[in-house]
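For reference, start-v6.txt is printed below; it contains compact mmCIF, C-alpha atoms.
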# COMPACT_ATOMS: atom_id res chain seq x y z
CA MET A 1 14.98 -16.02 5.56
CA THR A 2 17.82 -13.81 6.74
CA SER A 3 16.79 -12.19 9.99
CA ASP A 4 19.67 -9.70 10.06
CA ARG A 5 18.19 -7.67 7.25
CA ALA A 6 15.59 -5.03 7.89
CA VAL A 7 13.64 -2.52 5.82
CA ILE A 8 13.36 0.80 7.64
CA LEU A 9 10.83 3.42 6.56
CA VAL A 10 12.78 6.69 6.49
CA SER A 11 10.88 9.92 5.95
CA GLY A 12 13.71 12.35 6.58
CA GLY A 13 12.28 13.39 9.95
CA LEU A 14 13.54 13.06 13.48
CA ASP A 15 11.58 9.93 14.42
CA SER A 16 12.55 7.78 11.47
CA ALA A 17 16.21 8.84 11.74
CA THR A 18 16.23 7.60 15.33
CA THR A 19 14.44 4.43 14.23
CA LEU A 20 17.11 3.73 11.60
CA ALA A 21 19.83 4.34 14.22
CA ILE A 22 18.12 1.89 16.61
CA ALA A 23 17.85 -0.76 13.89
CA ARG A 24 21.53 -0.31 13.03
CA SER A 25 22.49 -0.49 16.73
CA GLN A 26 20.86 -3.93 16.83
CA GLY A 27 23.28 -5.11 14.17
CA VAL A 28 20.87 -5.41 11.27
CA ASP A 29 21.73 -4.51 7.70
CA GLY A 30 19.44 -1.57 7.04
CA TYR A 31 17.58 -1.02 3.78
CA ALA A 32 16.03 2.44 3.89
CA LEU A 33 12.77 3.02 2.07
CA SER A 34 11.16 6.39 1.46
CA VAL A 35 7.80 6.90 -0.10
CA ASP A 36 7.27 9.85 -2.38
CA TYR A 37 3.51 10.17 -2.05
CA GLY A 38 3.21 13.66 -3.43
CA GLN A 39 3.66 15.24 -0.01
CA ARG A 40 3.98 19.01 -0.05
CA HIS A 41 7.13 18.91 2.07
CA ARG A 42 9.50 17.71 -0.67
CA ALA A 43 12.53 18.63 1.41
CA GLU A 44 11.71 15.52 3.47
CA LEU A 45 12.89 13.25 0.65
CA VAL A 46 16.19 15.10 0.28
CA ALA A 47 16.67 14.76 4.04
CA ALA A 48 15.79 11.04 3.86
CA ALA A 49 18.67 10.39 1.47
CA ARG A 50 21.05 12.28 3.78
CA VAL A 51 19.82 10.37 6.83
CA ALA A 52 20.11 6.97 5.12
CA ARG A 53 23.68 7.73 4.05
CA ALA A 54 24.74 9.20 7.40
CA LEU A 55 23.39 6.24 9.36
CA GLY A 56 24.94 3.56 7.19
CA ALA A 57 21.98 2.10 5.30
CA ILE A 58 23.08 -0.46 2.72
CA GLU A 59 20.72 1.04 0.20
CA HIS A 60 18.08 3.77 -0.02
CA ARG A 61 15.14 3.49 -2.38
CA VAL A 62 12.32 5.89 -3.08
CA ILE A 63 9.01 4.50 -4.30
CA ARG A 64 6.64 6.98 -5.85
CA VAL A 65 2.91 6.58 -5.30
CA ASP A 66 0.79 9.56 -6.14
CA LEU A 67 -1.64 10.01 -3.27
CA SER A 68 -2.62 13.44 -4.55
CA GLY A 69 -4.93 11.37 -6.77
CA ILE A 70 -6.78 10.49 -3.57
CA GLY A 71 -6.41 13.75 -1.66
CA GLY A 72 -8.23 14.21 1.63
CA SER A 73 -5.26 15.65 3.50
CA ALA A 74 -3.47 18.95 3.88
CA LEU A 75 -0.26 17.11 3.01
CA THR A 76 -1.43 15.83 -0.36
CA ASP A 77 -4.09 18.32 -1.48
CA ALA A 78 -2.74 21.74 -2.44
CA ASN A 79 -6.18 23.22 -1.74
CA ILE A 80 -6.12 22.32 1.97
CA ALA A 81 -3.84 24.55 4.09
CA VAL A 82 -1.58 23.13 6.79
CA PRO A 83 -3.06 24.35 10.11
CA GLU A 84 -0.79 26.49 12.27
CA SER A 85 -2.54 25.91 15.58
CA SER A 86 -3.61 22.70 17.32
CA GLN A 87 -7.09 21.41 16.56
CA PRO A 88 -9.05 18.84 18.56
CA GLY A 89 -9.41 15.34 17.06
CA ILE A 90 -7.52 13.81 14.18
CA PRO A 91 -5.89 16.65 12.26
CA ILE A 92 -6.35 17.47 8.59
CA THR A 93 -2.69 16.55 8.04
CA TYR A 94 -3.71 12.89 8.50
CA VAL A 95 -3.17 11.18 5.12
CA PRO A 96 -5.81 8.47 4.60
CA ALA A 97 -4.27 5.01 5.03
CA ARG A 98 -0.75 6.41 4.70
CA ASN A 99 1.03 4.09 7.12
CA THR A 100 -0.85 1.07 5.75
CA ILE A 101 0.30 1.99 2.25
CA MET A 102 3.90 2.61 3.36
CA LEU A 103 4.10 -0.61 5.39
CA SER A 104 2.66 -2.53 2.42
CA LEU A 105 5.40 -1.21 0.16
CA ALA A 106 8.02 -2.02 2.82
CA LEU A 107 6.57 -5.52 3.07
CA GLY A 108 6.94 -6.05 -0.67
CA TRP A 109 10.58 -4.98 -0.61
CA ALA A 110 11.25 -6.99 2.58
CA GLU A 111 9.95 -10.11 0.90
CA VAL A 112 12.21 -9.59 -2.12
CA LEU A 113 15.21 -8.94 0.15
CA ASP A 114 14.49 -11.87 2.49
CA ALA A 115 14.33 -9.35 5.32
CA SER A 116 12.13 -10.42 8.21
CA GLN A 117 11.97 -7.10 10.04
CA ILE A 118 10.30 -3.84 9.07
CA PHE A 119 10.93 -0.77 11.20
CA ILE A 120 8.58 2.20 11.35
CA GLY A 121 9.01 5.28 13.52
CA VAL A 122 5.43 5.61 14.70
CA ASN A 123 4.84 6.97 18.16
CA ALA A 124 1.72 6.93 20.32
CA VAL A 125 2.80 9.45 22.99
CA ASP A 126 3.87 12.82 21.56
CA TYR A 127 2.19 12.30 18.24
CA SER A 128 -0.40 14.04 16.16
CA GLY A 129 -3.38 11.82 16.96
CA TYR A 130 -3.11 9.73 13.82
CA PRO A 131 -4.98 6.39 13.99
CA ASP A 132 -2.22 4.52 12.19
CA CYS A 133 0.35 5.34 14.87
CA ARG A 134 -1.19 3.13 17.57
CA PRO A 135 0.08 -0.25 18.83
CA ALA A 136 -3.17 -2.01 17.85
CA PHE A 137 -2.67 -0.91 14.24
CA VAL A 138 0.95 -2.08 14.18
CA ASN A 139 -0.02 -5.49 15.58
CA ALA A 140 -2.87 -5.90 13.10
CA PHE A 141 -0.60 -5.05 10.20
CA GLU A 142 1.95 -7.62 11.39
CA GLN A 143 -0.71 -10.32 11.28
CA THR A 144 -1.80 -9.24 7.82
CA ALA A 145 1.82 -9.25 6.62
CA ASN A 146 2.28 -12.85 7.63
CA LEU A 147 -0.87 -13.91 5.78
CA ALA A 148 -0.16 -11.79 2.70
CA THR A 149 3.17 -13.21 1.68
CA ARG A 150 4.84 -16.17 0.07
CA SER A 151 7.03 -16.71 3.11
CA GLY A 152 3.99 -16.49 5.38
CA VAL A 153 2.30 -19.29 3.44
CA GLU A 154 5.40 -21.39 3.11
CA GLY A 155 6.14 -20.87 6.82
CA THR A 156 9.72 -19.86 6.14
CA THR A 157 9.58 -16.69 8.14
CA HIS A 158 7.60 -14.59 10.54
CA PHE A 159 7.62 -10.93 9.63
CA ARG A 160 8.03 -8.58 12.54
CA ILE A 161 6.85 -4.98 12.41
CA ARG A 162 9.12 -3.10 14.78
CA ALA A 163 8.00 0.23 16.21
CA PRO A 164 10.74 1.01 18.74
CA LEU A 165 9.53 4.57 19.42
CA ILE A 166 5.95 3.69 20.12
CA ASP A 167 6.09 4.24 23.90
CA LEU A 168 8.64 7.08 23.97
CA THR A 169 8.03 10.78 24.46
CA LYS A 170 9.51 13.10 21.85
CA ALA A 171 12.19 14.11 24.39
CA GLN A 172 13.12 10.46 24.93
CA ILE A 173 13.30 9.89 21.16
CA ILE A 174 15.70 12.83 20.84
CA GLN A 175 17.85 11.57 23.72
CA ARG A 176 17.96 8.05 22.27
CA GLY A 177 18.91 9.40 18.86
CA LEU A 178 21.71 11.52 20.28
CA GLU A 179 23.10 8.52 22.21
CA LEU A 180 23.24 6.68 18.88
CA GLY A 181 24.97 9.53 17.09
CA VAL A 182 22.08 10.92 15.06
CA ASP A 183 22.74 14.43 13.72
CA PHE A 184 19.26 15.95 13.94
CA GLY A 185 20.51 18.97 12.00
CA ILE A 186 20.16 16.95 8.80
CA THR A 187 16.56 15.93 9.50
CA VAL A 188 13.44 17.81 8.39
CA SER A 189 10.12 17.44 10.25
CA CYS A 190 8.13 20.50 9.13
CA TYR A 191 5.01 19.86 7.02
CA GLN A 192 5.73 22.90 4.88
CA ALA A 193 9.51 23.13 4.91
CA ASP A 194 11.02 25.26 2.17
CA GLU A 195 13.32 23.92 -0.54
CA GLU A 196 16.34 24.26 1.71
CA GLY A 197 14.67 22.23 4.43
CA ARG A 198 13.99 25.22 6.69
CA ALA A 199 10.96 24.89 8.94
CA CYS A 200 7.83 27.01 9.45
CA ARG A 201 7.86 26.91 13.29
CA HIS A 202 4.04 26.78 13.49
CA CYS A 203 2.69 23.45 12.20
CA ASP A 204 2.05 20.45 14.46
CA ALA A 205 5.25 18.73 13.36
CA CYS A 206 7.34 21.82 14.21
CA ARG A 207 5.61 22.26 17.54
CA LEU A 208 6.12 18.63 18.62
CA ARG A 209 9.75 18.87 17.53
CA TYR A 210 10.74 22.06 19.34
CA GLU A 211 8.81 21.08 22.46
CA GLY A 212 10.75 17.79 22.37
CA PHE A 213 14.13 19.52 22.22
CA ALA A 214 13.07 21.87 25.01
CA ALA A 215 11.88 18.99 27.23
CA ALA A 216 15.10 17.08 26.55
CA GLY A 217 17.12 20.18 27.48
CA ILE A 218 18.99 20.02 24.19
CA ALA A 219 19.69 22.84 21.76
CA ASP A 220 17.34 22.65 18.78
CA PRO A 221 19.36 22.46 15.53
CA THR A 222 16.32 23.22 13.37
CA ARG A 223 16.67 26.03 10.85
CA TYR A 224 13.52 28.14 10.45
CA PHE A 225 12.52 30.33 7.52
CA ARG A 226 10.56 32.63 9.78
CA MET B 1 -20.42 7.18 6.58
CA THR B 2 -22.36 6.40 3.43
CA SER B 3 -22.66 2.63 3.11
CA ASP B 4 -23.97 2.72 -0.45
CA ARG B 5 -20.61 3.74 -1.85
CA ALA B 6 -17.94 1.18 -2.62
CA VAL B 7 -14.44 1.21 -4.03
CA ILE B 8 -13.92 -1.70 -6.41
CA LEU B 9 -10.44 -2.77 -7.47
CA VAL B 10 -10.66 -3.25 -11.23
CA SER B 11 -7.71 -4.75 -13.06
CA GLY B 12 -9.30 -5.18 -16.47
CA GLY B 13 -9.55 -8.94 -16.08
CA LEU B 14 -12.46 -11.31 -15.88
CA ASP B 15 -12.64 -11.63 -12.09
CA SER B 16 -12.65 -7.95 -11.24
CA ALA B 17 -15.20 -7.20 -13.99
CA THR B 18 -17.55 -9.74 -12.39
CA THR B 19 -16.80 -8.24 -8.98
CA LEU B 20 -17.75 -4.77 -10.18
CA ALA B 21 -20.96 -6.18 -11.70
CA ILE B 22 -21.80 -7.88 -8.38
CA ALA B 23 -21.19 -4.67 -6.45
CA ARG B 24 -23.40 -2.73 -8.86
CA SER B 25 -26.13 -5.42 -8.62
CA GLN B 26 -26.21 -4.78 -4.88
CA GLY B 27 -27.14 -1.17 -5.55
CA VAL B 28 -23.91 0.48 -4.50
CA ASP B 29 -22.37 3.45 -6.25
CA GLY B 30 -19.17 1.99 -7.64
CA TYR B 31 -15.85 3.82 -7.66
CA ALA B 32 -13.42 1.81 -9.75
CA LEU B 33 -9.74 1.88 -8.83
CA SER B 34 -6.93 0.49 -10.94
CA VAL B 35 -3.34 0.35 -9.86
CA ASP B 36 -0.63 0.91 -12.44
CA TYR B 37 2.19 -0.92 -10.68
CA GLY B 38 4.47 -1.21 -13.68
CA GLN B 39 2.92 -4.54 -14.72
CA ARG B 40 4.13 -5.84 -18.06
CA HIS B 41 0.57 -6.40 -19.27
CA ARG B 42 -0.27 -2.73 -19.90
CA ALA B 43 -3.32 -3.71 -21.94
CA GLU B 44 -4.95 -4.53 -18.58
CA LEU B 45 -5.25 -0.84 -17.72
CA VAL B 46 -6.89 0.00 -21.04
CA ALA B 47 -9.33 -2.84 -20.41
CA ALA B 48 -9.97 -1.58 -16.87
CA ALA B 49 -11.17 1.77 -18.19
CA ARG B 50 -13.49 -0.03 -20.66
CA VAL B 51 -14.86 -2.30 -17.93
CA ALA B 52 -15.46 0.57 -15.48
CA ARG B 53 -17.38 2.51 -18.14
CA ALA B 54 -19.37 -0.48 -19.41
CA LEU B 55 -20.46 -1.49 -15.91
CA GLY B 56 -21.53 1.96 -14.78
CA ALA B 57 -18.84 2.99 -12.32
CA ILE B 58 -19.33 6.57 -11.15
CA GLU B 59 -15.62 7.22 -11.58
CA HIS B 60 -12.46 5.35 -12.54
CA ARG B 61 -9.08 6.33 -11.14
CA VAL B 62 -5.65 4.92 -11.83
CA ILE B 63 -3.00 5.25 -9.14
CA ARG B 64 0.57 4.70 -10.23
CA VAL B 65 2.99 2.99 -7.87
CA ASP B 66 6.19 1.76 -9.40
CA LEU B 67 6.72 -1.76 -8.06
CA SER B 68 9.43 -2.38 -10.64
CA GLY B 69 11.59 -0.58 -8.06
CA ILE B 70 11.01 -3.63 -5.85
CA GLY B 71 10.96 -6.37 -8.49
CA GLY B 72 10.84 -9.99 -7.41
CA SER B 73 8.11 -11.01 -9.87
CA ALA B 74 7.80 -11.93 -13.52
CA LEU B 75 5.08 -9.28 -13.76
CA THR B 76 7.26 -6.38 -12.60
CA ASP B 77 10.81 -7.42 -13.48
CA ALA B 78 11.58 -7.44 -17.20
CA ASN B 79 14.43 -9.89 -16.55
CA ILE B 80 12.10 -12.63 -15.26
CA ALA B 81 10.08 -14.41 -17.97
CA VAL B 82 6.41 -15.30 -17.55
CA PRO B 83 6.29 -19.12 -17.28
CA GLU B 84 4.23 -20.92 -19.92
CA SER B 85 3.64 -24.13 -17.99
CA SER B 86 2.35 -24.74 -14.47
CA GLN B 87 4.94 -24.89 -11.71
CA PRO B 88 4.43 -26.31 -8.21
CA GLY B 89 4.17 -23.86 -5.32
CA ILE B 90 3.64 -20.13 -5.47
CA PRO B 91 4.44 -19.00 -9.01
CA ILE B 92 7.00 -16.40 -10.03
CA THR B 93 4.13 -14.20 -11.25
CA TYR B 94 3.29 -13.56 -7.59
CA VAL B 95 3.98 -9.84 -6.96
CA PRO B 96 5.25 -9.35 -3.40
CA ALA B 97 2.55 -7.79 -1.22
CA ARG B 98 0.53 -6.72 -4.28
CA ASN B 99 -2.95 -7.18 -2.85
CA THR B 100 -1.93 -5.58 0.44
CA ILE B 101 -0.66 -2.55 -1.48
CA MET B 102 -3.76 -2.38 -3.70
CA LEU B 103 -6.18 -2.75 -0.77
CA SER B 104 -4.26 -0.04 1.13
CA LEU B 105 -4.70 2.36 -1.77
CA ALA B 106 -8.38 1.42 -2.02
CA LEU B 107 -8.72 2.04 1.71
CA GLY B 108 -7.26 5.52 1.36
CA TRP B 109 -9.70 6.43 -1.39
CA ALA B 110 -12.61 4.78 0.45
CA GLU B 111 -11.92 6.92 3.48
CA VAL B 112 -11.89 10.10 1.39
CA LEU B 113 -15.13 9.06 -0.35
CA ASP B 114 -16.89 7.97 2.86
CA ALA B 115 -17.30 4.54 1.26
CA SER B 116 -17.51 1.72 3.76
CA GLN B 117 -17.07 -1.17 1.35
CA ILE B 118 -14.06 -2.26 -0.68
CA PHE B 119 -14.51 -5.00 -3.27
CA ILE B 120 -11.65 -7.17 -4.52
CA GLY B 121 -11.94 -10.05 -6.99
CA VAL B 122 -9.68 -12.52 -5.22
CA ASN B 123 -10.51 -16.17 -5.51
CA ALA B 124 -9.25 -19.13 -3.52
CA VAL B 125 -10.51 -21.96 -5.76
CA ASP B 126 -9.31 -21.66 -9.39
CA TYR B 127 -6.50 -19.30 -8.59
CA SER B 128 -2.79 -19.18 -9.05
CA GLY B 129 -1.74 -20.13 -5.52
CA TYR B 130 -1.11 -16.57 -4.40
CA PRO B 131 -1.02 -16.11 -0.61
CA ASP B 132 -2.92 -12.83 -0.74
CA CYS B 133 -5.98 -14.45 -2.34
CA ARG B 134 -7.02 -16.44 0.74
CA PRO B 135 -9.91 -15.68 3.12
CA ALA B 136 -7.57 -15.41 6.13
CA PHE B 137 -5.67 -12.62 4.37
CA VAL B 138 -8.86 -10.75 3.47
CA ASN B 139 -10.12 -10.97 7.06
CA ALA B 140 -6.80 -9.80 8.49
CA PHE B 141 -6.73 -6.82 6.14
CA GLU B 142 -10.28 -5.89 7.18
CA GLN B 143 -9.19 -5.75 10.81
CA THR B 144 -6.16 -3.66 9.91
CA ALA B 145 -8.32 -1.30 7.86
CA ASN B 146 -10.56 -0.56 10.82
CA LEU B 147 -7.59 0.23 13.05
CA ALA B 148 -5.74 2.26 10.41
CA THR B 149 -8.29 4.92 9.72
CA ARG B 150 -9.87 8.05 11.09
CA SER B 151 -13.31 6.51 10.90
CA GLY B 152 -12.07 3.38 12.66
CA VAL B 153 -10.82 5.48 15.59
CA GLU B 154 -13.84 7.73 15.68
CA GLY B 155 -16.13 4.72 15.47
CA THR B 156 -18.13 6.22 12.65
CA THR B 157 -17.87 3.25 10.35
CA HIS B 158 -16.80 -0.34 9.98
CA PHE B 159 -14.96 -0.98 6.74
CA ARG B 160 -15.91 -4.21 5.02
CA ILE B 161 -13.58 -5.91 2.58
CA ARG B 162 -15.84 -7.79 0.18
CA ALA B 163 -14.47 -10.71 -1.81
CA PRO B 164 -17.60 -12.12 -3.48
CA LEU B 165 -15.68 -14.52 -5.74
CA ILE B 166 -13.61 -16.11 -3.03
CA ASP B 167 -15.46 -19.45 -2.96
CA LEU B 168 -16.39 -19.66 -6.66
CA THR B 169 -14.78 -21.73 -9.40
CA LYS B 170 -13.69 -19.88 -12.52
CA ALA B 171 -16.67 -21.40 -14.37
CA GLN B 172 -19.04 -20.09 -11.68
CA ILE B 173 -17.46 -16.64 -11.90
CA ILE B 174 -18.02 -16.60 -15.64
CA GLN B 175 -21.64 -17.73 -15.25
CA ARG B 176 -22.31 -15.10 -12.59
CA GLY B 177 -20.74 -12.40 -14.76
CA LEU B 178 -22.85 -13.36 -17.76
CA GLU B 179 -26.03 -13.30 -15.65
CA LEU B 180 -25.11 -9.74 -14.70
CA GLY B 181 -24.43 -8.68 -18.27
CA VAL B 182 -20.64 -8.59 -18.28
CA ASP B 183 -19.13 -8.59 -21.76
CA PHE B 184 -15.99 -10.67 -21.21
CA GLY B 185 -14.82 -9.75 -24.69
CA ILE B 186 -13.66 -6.39 -23.32
CA THR B 187 -11.64 -7.93 -20.47
CA VAL B 188 -7.97 -8.91 -20.61
CA SER B 189 -6.52 -11.58 -18.30
CA CYS B 190 -3.25 -12.57 -20.01
CA TYR B 191 -0.01 -11.74 -18.18
CA GLN B 192 1.69 -10.85 -21.44
CA ALA B 193 -1.13 -9.53 -23.60
CA ASP B 194 -0.07 -7.49 -26.60
CA GLU B 195 -0.93 -3.83 -27.08
CA GLU B 196 -4.28 -4.73 -28.59
CA GLY B 197 -5.19 -6.85 -25.58
CA ARG B 198 -4.71 -10.17 -27.41
CA ALA B 199 -3.66 -13.05 -25.19
CA CYS B 200 -0.74 -15.50 -25.30
CA ARG B 201 -2.77 -18.67 -24.62
CA HIS B 202 -0.01 -20.24 -22.49
CA CYS B 203 0.45 -18.35 -19.20
CA ASP B 204 -1.36 -19.34 -15.99
CA ALA B 205 -3.89 -16.54 -16.37
CA CYS B 206 -4.77 -17.66 -19.92
CA ARG B 207 -5.00 -21.30 -18.86
CA LEU B 208 -7.32 -20.59 -15.91
CA ARG B 209 -9.45 -18.42 -18.17
CA TYR B 210 -9.95 -20.81 -21.08
CA GLU B 211 -10.45 -23.77 -18.76
CA GLY B 212 -13.13 -21.68 -17.02
CA PHE B 213 -14.99 -20.94 -20.25
CA ALA B 214 -14.75 -24.61 -21.24
CA ALA B 215 -16.06 -25.79 -17.85
CA ALA B 216 -18.90 -23.29 -18.03
CA GLY B 217 -19.76 -24.50 -21.54
CA ILE B 218 -19.55 -20.98 -22.88
CA ALA B 219 -17.77 -19.77 -26.00
CA ASP B 220 -14.49 -18.07 -25.08
CA PRO B 221 -14.46 -14.50 -26.46
CA THR B 222 -10.71 -14.11 -25.88
CA ARG B 223 -8.62 -12.95 -28.82
CA TYR B 224 -5.21 -14.63 -29.01
CA PHE B 225 -2.08 -13.39 -30.79
CA ARG B 226 -0.88 -16.93 -31.38
Would you write out, as structure tokens, the structure that this file holds?
Amino acid sequence: MTSDRAVILVSGGLDSATTLAIARSQGVDGYALSVDYGQRHRAELVAAARVARALGAIEHRVIRVDLSGIGGSALTDANIAVPESSQPGIPITYVPARNTIMLSLALGWAEVLDASQIFIGVNAVDYSGYPDCRPAFVNAFEQTANLATRSGVEGTTHFRIRAPLIDLTKAQIIQRGLELGVDFGITVSCYQADEEGRACRHCDACRLRYEGFAAAGIADPTRYFR
Amino acid sequence: MTSDRAVILVSGGLDSATTLAIARSQGVDGYALSVDYGQRHRAELVAAARVARALGAIEHRVIRVDLSGIGGSALTDANIAVPESSQPGIPITYVPARNTIMLSLALGWAEVLDASQIFIGVNAVDYSGYPDCRPAFVNAFEQTANLATRSGVEGTTHFRIRAPLIDLTKAQIIQRGLELGVDFGITVSCYQADEEGRACRHCDACRLRYEGFAAAGIADPTRYFR
């Protein structure tokens, strides 16, 4: 098992770009994985390819899994609108089991690559209240990963799920990314970005992003369509 | 959370057909889920639809996720042949992280349906040596599921991953299925079944299946193409 290879989940947003930069700064060969799950913000996937290339990933793959067949989220069901003001509780943009599904796909590719690390840009501070962004979830998935796999059974590796942003504020994530040379102008966070990757300014993802730039005291490179 | 709804992973094979029959015998409303992961044995998915209908599932959905983009298995990589004799260790038909991926998708649908049970036909006795068929894996995934989800955070449910075949021999599975009225003639187990669902007789899945019928003392309804 080659421990200097890592699969990094790259969505095209600010958090995963910083996560890829952190992985690369630790000297790992980065294999970027994006999941096309039928999300309404297609511009994300275009941004993911740009981010993977700009940050020196060895390879970038997109796996398509059609979660619109499941629905239950504003991001995958065209009949549920993206809210433009904060709501209490877990928001309707939560996609059922999304991070479990994405980590599972990353685990499959990691096993094929002999990569022992999987990076995911989840964050439990300035986040949207999603259950699958918490440390307890990440730890539980790591245990599952080591029981689910050939290398787990054969004892040839221990998979590590790395969540380097988990304790950072959005401002700290932005600062860390800038230190590592991330160009946030090529990232797209908005849940309803237009085809050119311009943002709506009003959804939770936009709000967390511009508040992060403001708190970090850094000019926001985001382009808005309104 | 409605505990009388369950998502059942149905592949079209003998084990998952029995699993669906067991779930139905416990009075749950069954929602059958098949995963089209680019497996070479496409006849499985046709069989899955037949099985779901015959055993009274409320609904049958197929989610497509293209694992051929990952490869690493004789079932998803056209360049790796299905072995026709037993090999020591974990066989090349093992699909990296397959059960983790399929359970994750089932979890997503279960959350949307308010179903608290997920059934999977894994078996740790007469099985192929796959890591993700063992009780420790099933238990670890159950823990992950309860941390990954809205209902886990809100405390409104406890997801149960049910693996009713896990301690049974293949002969016992066949006997249980027959008691519950399963017509095994409509199931397809072979890893390289032809378009009509006829089996090869030589792969691991065929071998486990015909040895099971022989041990149970029951006529094997499988149709072979050679």
Quiz item: Taking all atoms listed in the file into account, which residues of chain B are within 7 Å of chain A, as a PyMOL selection string?
Solution: chain B and resi 63-66+69-70+72+90+96-97+100-101+104-105+107-109+111-112+131-132+136-137+140-141+143-144+147-150+153
Find the residues near Leu55 of chain A: any atom within 9 Å, counting only C-alpha atoms, skip ones fewer than 5 places away on the same chain, and give them as a PDB file with C-alpha atoms, in the coordinates of the input.
ATOM      1  CA  ALA A  17      16.210   8.840  11.740  1.00  0.00           C
ATOM      2  CA  LEU A  20      17.110   3.730  11.600  1.00  0.00           C
ATOM      3  CA  ALA A  21      19.830   4.340  14.220  1.00  0.00           C
ATOM      4  CA  ARG A  24      21.530  -0.310  13.030  1.00  0.00           C
ATOM      5  CA  ARG A  50      21.050  12.280   3.780  1.00  0.00           C
ATOM      6  CA  GLY A 181      24.970   9.530  17.090  1.00  0.00           C
ATOM      7  CA  VAL A 182      22.080  10.920  15.060  1.00  0.00           C
TER       8      VAL A 182
END
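Of the residues listed (B:Val188, B:Cys200, B:Ala52, B:Leu180), B:Leu180 shows the shortest atom-to-atom separation from Thr18 of chain B; distances use only C-alpha atoms.
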Quiz item: Counting all atoms listed in the file, what is within 12 Å of Ala214 of chain A, bar same-chain residues fewer than 3 positions away, as a PyMOL selection string?
Solution: chain A and resi 170-172+174-175+207-211+217-221
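Between atom CA of Leu178 of chain A and atom CA of Ser25 of chain A the separation is 12.5 Å.
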Centre, x/y/z edge lengths, axis-aligned box for segment 18-35 of chain B with 6 Å per side, as JSON:
{"center_x": -15.2, "center_y": -3.0, "center_z": -8.4, "size_x": 35.8, "size_y": 25.6, "size_z": 19.9}
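Between atom CA of Ala163 of chain B and atom CA of Val7 of chain B the interatomic distance comes to 12.1 Å.
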Practice problem: Considering all atoms listed in the file, return as a PyMOL selection string whatever protein or nucleic-acid residues lie within 10 Å of Ser116 of chain A, sequence-local ones (same chain, fewer than 5 positions apart) excluded. | Solution: chain A and resi 1-7+107+110-111+151+156-161
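Using all atoms listed in the file, the shortest contact distance between Phe213 of chain B and any of B:Leu165, B:Ala54, B:Ala115, B:Leu14 is found at B:Leu14.
Atom CA of Arg201 of chain B lies 29.6 Å from atom CA of Gly56 of chain B.
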Quiz item: Restricting the calculation to all atoms listed in the file, which member of B:Ala216, B:Cys203, B:Ile166, B:Val10 is positioned closest to Ala74 of chain B?
Solution: B:Cys203
Self-check item: Selected residue of minimal separation from Ser11 of chain B among B:Ala23, B:Thr93, B:Ile186, B:Asp77, counting all atoms listed in the file
Solution: B:Ile186
